[in-house]
Every structure is written in C-alpha cells, then in structure tokens.
Amino acid sequence: MTTSNEISGHAHLSGLVVQARDVHGGLHYHATPQPLPTPRQLPRLTPHFVNRATEVNTLDEVRRGGNSLVVITGLVGVGKSALAVRWLSSATEADRPELYAELSGLGGLVRPEDVLQQWLRASGIDRPPADLRELSALWRSVTAARPVSVLLDNVREAEQVPPLLPTGPLSMTVVTSRRLLWELAVDGATPLPLGPLAPDSSIALLARFTGEERIAAEPAAAALLANGCAHLPLPLVLAGARLKSRPDRGLAAAAAVLVRPRSEDPARMAVSAGLTETYDSLGATAQFVYRSLALLPVGAVDPDMVSAACRLQRNDAERLLDVLADEQLLTRGTSYVGPRPRYRMAAAAHEHALALAERVDGLDERQRLVGRLCEWMLSIATQAQSLLTPAQATLRNQLPARADAPPVFQDSRGAMTWLEEHEADLPAVLEVAAAGGADEVVWMLVDAFWALFLRRHPYALWIQAHEVAVAAARRTGNGAAVRQMLLSGAIGLSSAGRLEEALTRYGEARQAAQADGDVRDEGQALLGIGACHHDGGRPAQAEPYLNQAVAVWTACGYRRGVALATVLLGEISLTRGEPAEALDRFAAAHSVLAGIGDSYDAARALALQGHTRVVLGDLDAGVTELQDALAVFAAASSTRWQARTLELLGDAYRKRGSEQAALDCFRQAAELLEVIRPEEAERLRRQENGR
C-alpha cells in the first residue's frame, strides 16, 4: 500500500518533519529549539582589582564549610560587585551556569517573578509560569540536581532573596547590598562586611593606571590622593583613569581636587568628587550624553537608543559611549541581538548624573529627551510586531512622525530577543510616557509588545501594562484603542486564571463596542465572556454568550469568529452529554477554519472532533484525527494544546487496549505541562500510574 503525504500553502519547514496526511493553509513549522548555551550572565571581570585576599579566603572557607549563601555589604564604591564577580568566576566549574540579577532598578525594587522568568528561560524553559509560588517551585526543581552560581546585586530588601535561592547543596549564591540584611541569617547567610582598601592596596590600584614611576616620584601626593578617595576603589579608579589620560598632570594636583574640608560623609564625598572631576574633563557633548543617560528609564543603553534620544549620528553615539566607558563612567556589556554593545551606568554614577541633569538641563529639554526615547522604542517594537505578529501590526501608519527609526534587527528571532531585552524596561517607559502626556504612544507601545505577551506569557507585566494602556487610550478618546486594550488585557487576565477580572474587562469591552456600533469587537467580547464561564466550569452560563457571538458574527459575515465560538459550543455539548451534537459542531468549525487557512485553530477543532469520535466508539477514526492534530500542534510548538491532545490520545489508546501507548502519551503530556501547569502535570502522572 502506498501512502501519499501533502503539505500545501505557505509552509516553512525545517528540522524534523512530521507526516500527517494532508495539511493545508499557512502552516509555519517551528523546528525544535537548539540547545541553549550554558548561561554566563555575570558582569565582565574588572581589570582593576587589587588585594582583597582576606575576603577571598573567607569566601573560600564559607564554601568549604558547606554554606551556600554569602551577603557582602559595604559602602557605595567599595567594590562589592567586583569582589563577588571575581570570586564566583574563579570558583565556578567551566560547565556551571552563572546567573545574575540586579535587584534595584530605575523603577524601584525588581520583582523576584521577573528574575525567575528570565533565569528559567535562560535554562531552556520557554514559557515559565507567572505565579511566584509556581516559579519558585520550578526553580527549585531545575536547580535540585544542577549546581548554579548566582549573583544577586544591589539588593535593598531581604525578602527579595529567598525566592531566588537555588536548591542544590553545591550551588552558591552571593548577595551584595549597602544594607546588612541581617534577616537572611534565617536562610543560613554568612555576612561579609567589606571595608575600604588598605593604604598600600589603594596606592597599588592607582599604580595600575599611572605606572610605578609616577607613584615613586610623588609618594606623599600618592598617599594624599588615596586618602582623599577614602581608599574606595570607585573614586580611586576614576582618579587613576584621569591621571592615565593626562600623563603630564602631577599627583599633587589631582589630590588637591579631592582633599577639601567637608562636613558630609567622607566616603560619599570622595565618590562624588571623583565623578565630578571626571565629568569636568569631558567634552560638552560627552557631558550631555552622560547627563542624558540618567534620565532614560531603562536598565541599559545602546548606540541606536542614544542616537535617537540625544539626536546624534549613530557613529557619534557609539564613540561617546565608548568615551564614557573608557572614563569608567559606564560598564560595557553585550546584546543578545547581534553585535550591538550595551552599556550600564552604576548606581553612584546614575545619582551623580541625575543631579547634574536636574541642575544643568531645563525641564522642557529633559522631557523632550525622554519623549524621543519613548517614540524610538515604539518604532522598534512596531517593527518587531510586523515580523512576529503581522496580523496584529496595524500601527505603522499611525506612528508619530518622529518615530520612524532604522531597524536594529533583521529577522524574527532578533525581534523577539529585542522585546525580551526591553521587557523589564516597559513599565518605567510607559510611566514616563504617560506622565509626559504621550497617551497615544503608551497604548501603541503596549499593543506593539503583543508578541512578547503572547509567546512568553509574562502575566504580571501583561496585566499591568494593559491597565496603563486602557487608561491612556481612554484619555485620548480613541474608542477603537480602548476596545483593543480592554480585549487584549482580558486575554491576559483569563490566561493567568483571573477569570472574574477578565469577565469585568470583557464586559467593559462589550459595552464600548455596542456604544460605538462595532459588531466585530462586540462578538470578541461575547466570545471572551463565554470562554471565561466555560473555563470556570459554568457551561450553562457560557452557552448564551457564545450563541450571541455566533449571531453577531454571522450577521456581519465574520466566518472565523463564528467557527471559534462553535468550537466552544461543541465542548459544552460534550459536557452536557450530547456527543453527536458536539461532533457536528466540531466538524463544521474545522471545515471553516481549514478553508480560510487557519491551520492552528482548525487543528483545535480536529482534536476535539477526534476525541468525540472516540466517545462515540469510532476509535480508529478518532485516533487518526487526534494524531493529525497533534502533528500541527507540535509544528507550532503549542505546549498546552500538545499536552491536551496527548491526554485525549492517551484516553483513546487506553480504550483501544493499547496501554503502553496510553502511558507514553500521559507521560509526554505531563512533561510538557510541568513548566506551566504543575498541578495538571501531577494529575496526568496519576493517570499514567492508573490512579
């Protein structure tokens, strides 16, 4: 017997191809993800590191003693992060993951949920759950048998730390903070206070920049300069960098700038004086860029961003960022999107630059600069949307005239990575845009991040951003935008399991659609309300809303919407014990969805159709349809529908007497759900064990 397989439509295939009879429509097969590289997230080692032998020995003893948590505390500029990075890098095996998080961002405290989602994605889990309890449980599972090295930098509150601690006894976590964080003693933390450098170490650090000859020529001035820097590494590095760039300047002159009568804290004053001297030595444009960086509500900057915000040519922006990095005012990093460099400003430099900006630059200019950043982010995010979710990319013609920026990525993978890089920046950017009255930019930016919400499921951000966007859209009086943000936000709420809140949002969207006479949006709201009742176990309440959606969409000729509502109505028929009616509904929906090229939703209808055939006793036909649907879900990397179809297929195999095949399906479904729905995974394991 000869079997013919055909895949037609705009198909893009790579990697393993699953043959599943005829598959029609715009099928996009996403190959199995390649193994991710071992995470190496620790900041770059600073070349300017001296001594600290006592502290390094203490850290080594802590590790040998079996403790896995150390808290390094000390003043700003004392070198806490540098010590932590140096020690973790030298004490880590080559294949051990290194994970990093800075827990005090520009928008305040960084939430443990955001950190865990990023770490789990870096560990190969594509769609981590949203709930902190589930995230922490999954993190503990991931690290139970996989030792990791973790640096939690700039921690402000002790409660930020426990959810982020790995489980395995061989893992190591180092926390840095200006506070003592004594509460972490409950978690077995070993405190390590870090003081200023010894005088000879301070001079040795200066000599790294000046050379031994200049120190030997002015030993008293070198000692005075080290004392003026309060023997803190940060001002010493700044002073040394200044001296290195001015070989004709004497150490005594440099010391005179720092050694002045003062009543404030000498360490803080030393840091401020060192930063001020470096700033004063910069050219006017570099000074402007330095001040501007402190105004940008983002964690890291790159030449494209600075070019747009500061109205500079890109080459000039990159050159000036390098100047600031060479002067130790920024630290260089790398982007996940191609070769673009990224730069971060340390907390002390940020405070200094912000004070200068508020003193030197007028309020209007500061607001315009931030506005240009927001418009640039909107432009780039919209480009990402056009690549990732083109059906949703309706904003290109609505962008502000100034927001048409050159692209920073070339393909969909780069677009997704750009969105992920700026995920943590989005709340602060939305806040400043709203404060500046740029309400159109606010809701458009949230809409442009749709691919991130849809594919990565950052539920807290999804919900928070849409709350801001709804308010902004309402202020603009743009009814279509209000409805779009209400519906998109409601999807996030229902996906996160917050069904009652989702119902409220869908209700608001329905009222708005009725008031504006938009039957398509009214149908979408009705479908959402019905889906929430269905997911909440209230099929009798769901059915009237779904029937209304069918009626509304039938009247306006929206066949796809009618089919989607019909799928849910079919599920209700099954729940009610009417499989024949359910089969007719699934078959009708599948025919429409396949006919319009919606292969994914057609597969949903097909899976439920196959399950219904099994219920009616047509096991062979049902299994075949379930297998066909499963192939589509595997191609689309749909975790939840793969798992659901595998469970239905397992039930079918069990009824057919193929027990081993059934157990294999339950096991595969549980593995898929482990990362997003642990409680469902446990239920499936009980199925696998016959309980």
# chains A, B, ... in the order shown; residues from 1 in each chain; ligands from 1

call {"tool": "residues_around", "arguments": {"residues": "range 347-354 of chain A", "least_positions_apart": "3", "cutoff": "7 Å", "atoms": "only C-alpha atoms", "output": "list in words"}}
result
Val76, Ser272, Tyr290, Arg291, Ala294, Leu295, Leu329, Ala357 and Glu358 of chain A

call {"tool": "select_by_dssp", "arguments": {"residues": "range 219-425 of chain A", "states": "strand (DSSP E or B)", "output": "compact mmCIF listing (two decimals) with C-alpha atoms, in the first residue's frame"}}
result
# COMPACT_ATOMS: atom_id res chain seq x y z
CA VAL A 301 21.54 51.66 26.65
CA THR A 331 30.42 49.41 32.02
CA ARG A 332 30.35 47.65 28.67
CA GLY A 333 28.24 44.61 28.02
CA THR A 334 26.87 42.77 25.01
CA PRO A 341 27.26 46.82 22.50
CA ARG A 342 25.21 47.71 25.57
CA TYR A 343 26.28 49.94 28.42
CA ARG A 344 25.17 50.21 32.03

call {"tool": "atom_distance", "arguments": {"atom1": "CA of Cys556 in chain A", "atom2": "CA of Gln511 in chain A"}}
result
18.1 Å

call {"tool": "closest_residue", "arguments": {"among": "A:Val298, A:Thr54, A:Leu181, A:Leu234", "to": "Ala273 in chain A", "atoms": "only C-alpha atoms"}}
result
A:Leu234

call {"tool": "residues_around", "arguments": {"residues": "Ala480 in chain A", "least_positions_apart": "4", "cutoff": "10 Å", "atoms": "only C-alpha atoms", "output": "list in words"}}
result
Ala473, Arg474, Gln484, Met485, Leu486, Ala509, Ala512, Ala513, Asp516, Asp518 and Asp521 of chain A

call {"tool": "write_last_selection", "arguments": {"atoms": "C-alpha atoms", "output": "short mmCIF file (atom, residue, chain, number, x, y, z; two decimals), in the first residue's frame"}}
result
data_model
loop_
_atom_site.label_atom_id
_atom_site.label_comp_id
_atom_site.auth_asym_id
_atom_site.auth_seq_id
_atom_site.Cartn_x
_atom_site.Cartn_y
_atom_site.Cartn_z
CA ALA A 473 -6.44 55.11 25.41
CA ARG A 474 -9.42 56.50 27.30
CA GLN A 484 -8.40 46.78 21.71
CA MET A 485 -6.62 47.30 25.03
CA LEU A 486 -9.60 46.01 27.04
CA ALA A 509 -15.28 45.99 26.02
CA ALA A 512 -17.90 50.07 24.47
CA ALA A 513 -18.36 48.07 21.25
CA ASP A 516 -19.61 52.51 19.04
CA ASP A 518 -18.55 47.77 16.32
CA ASP A 521 -15.41 43.75 18.80
#
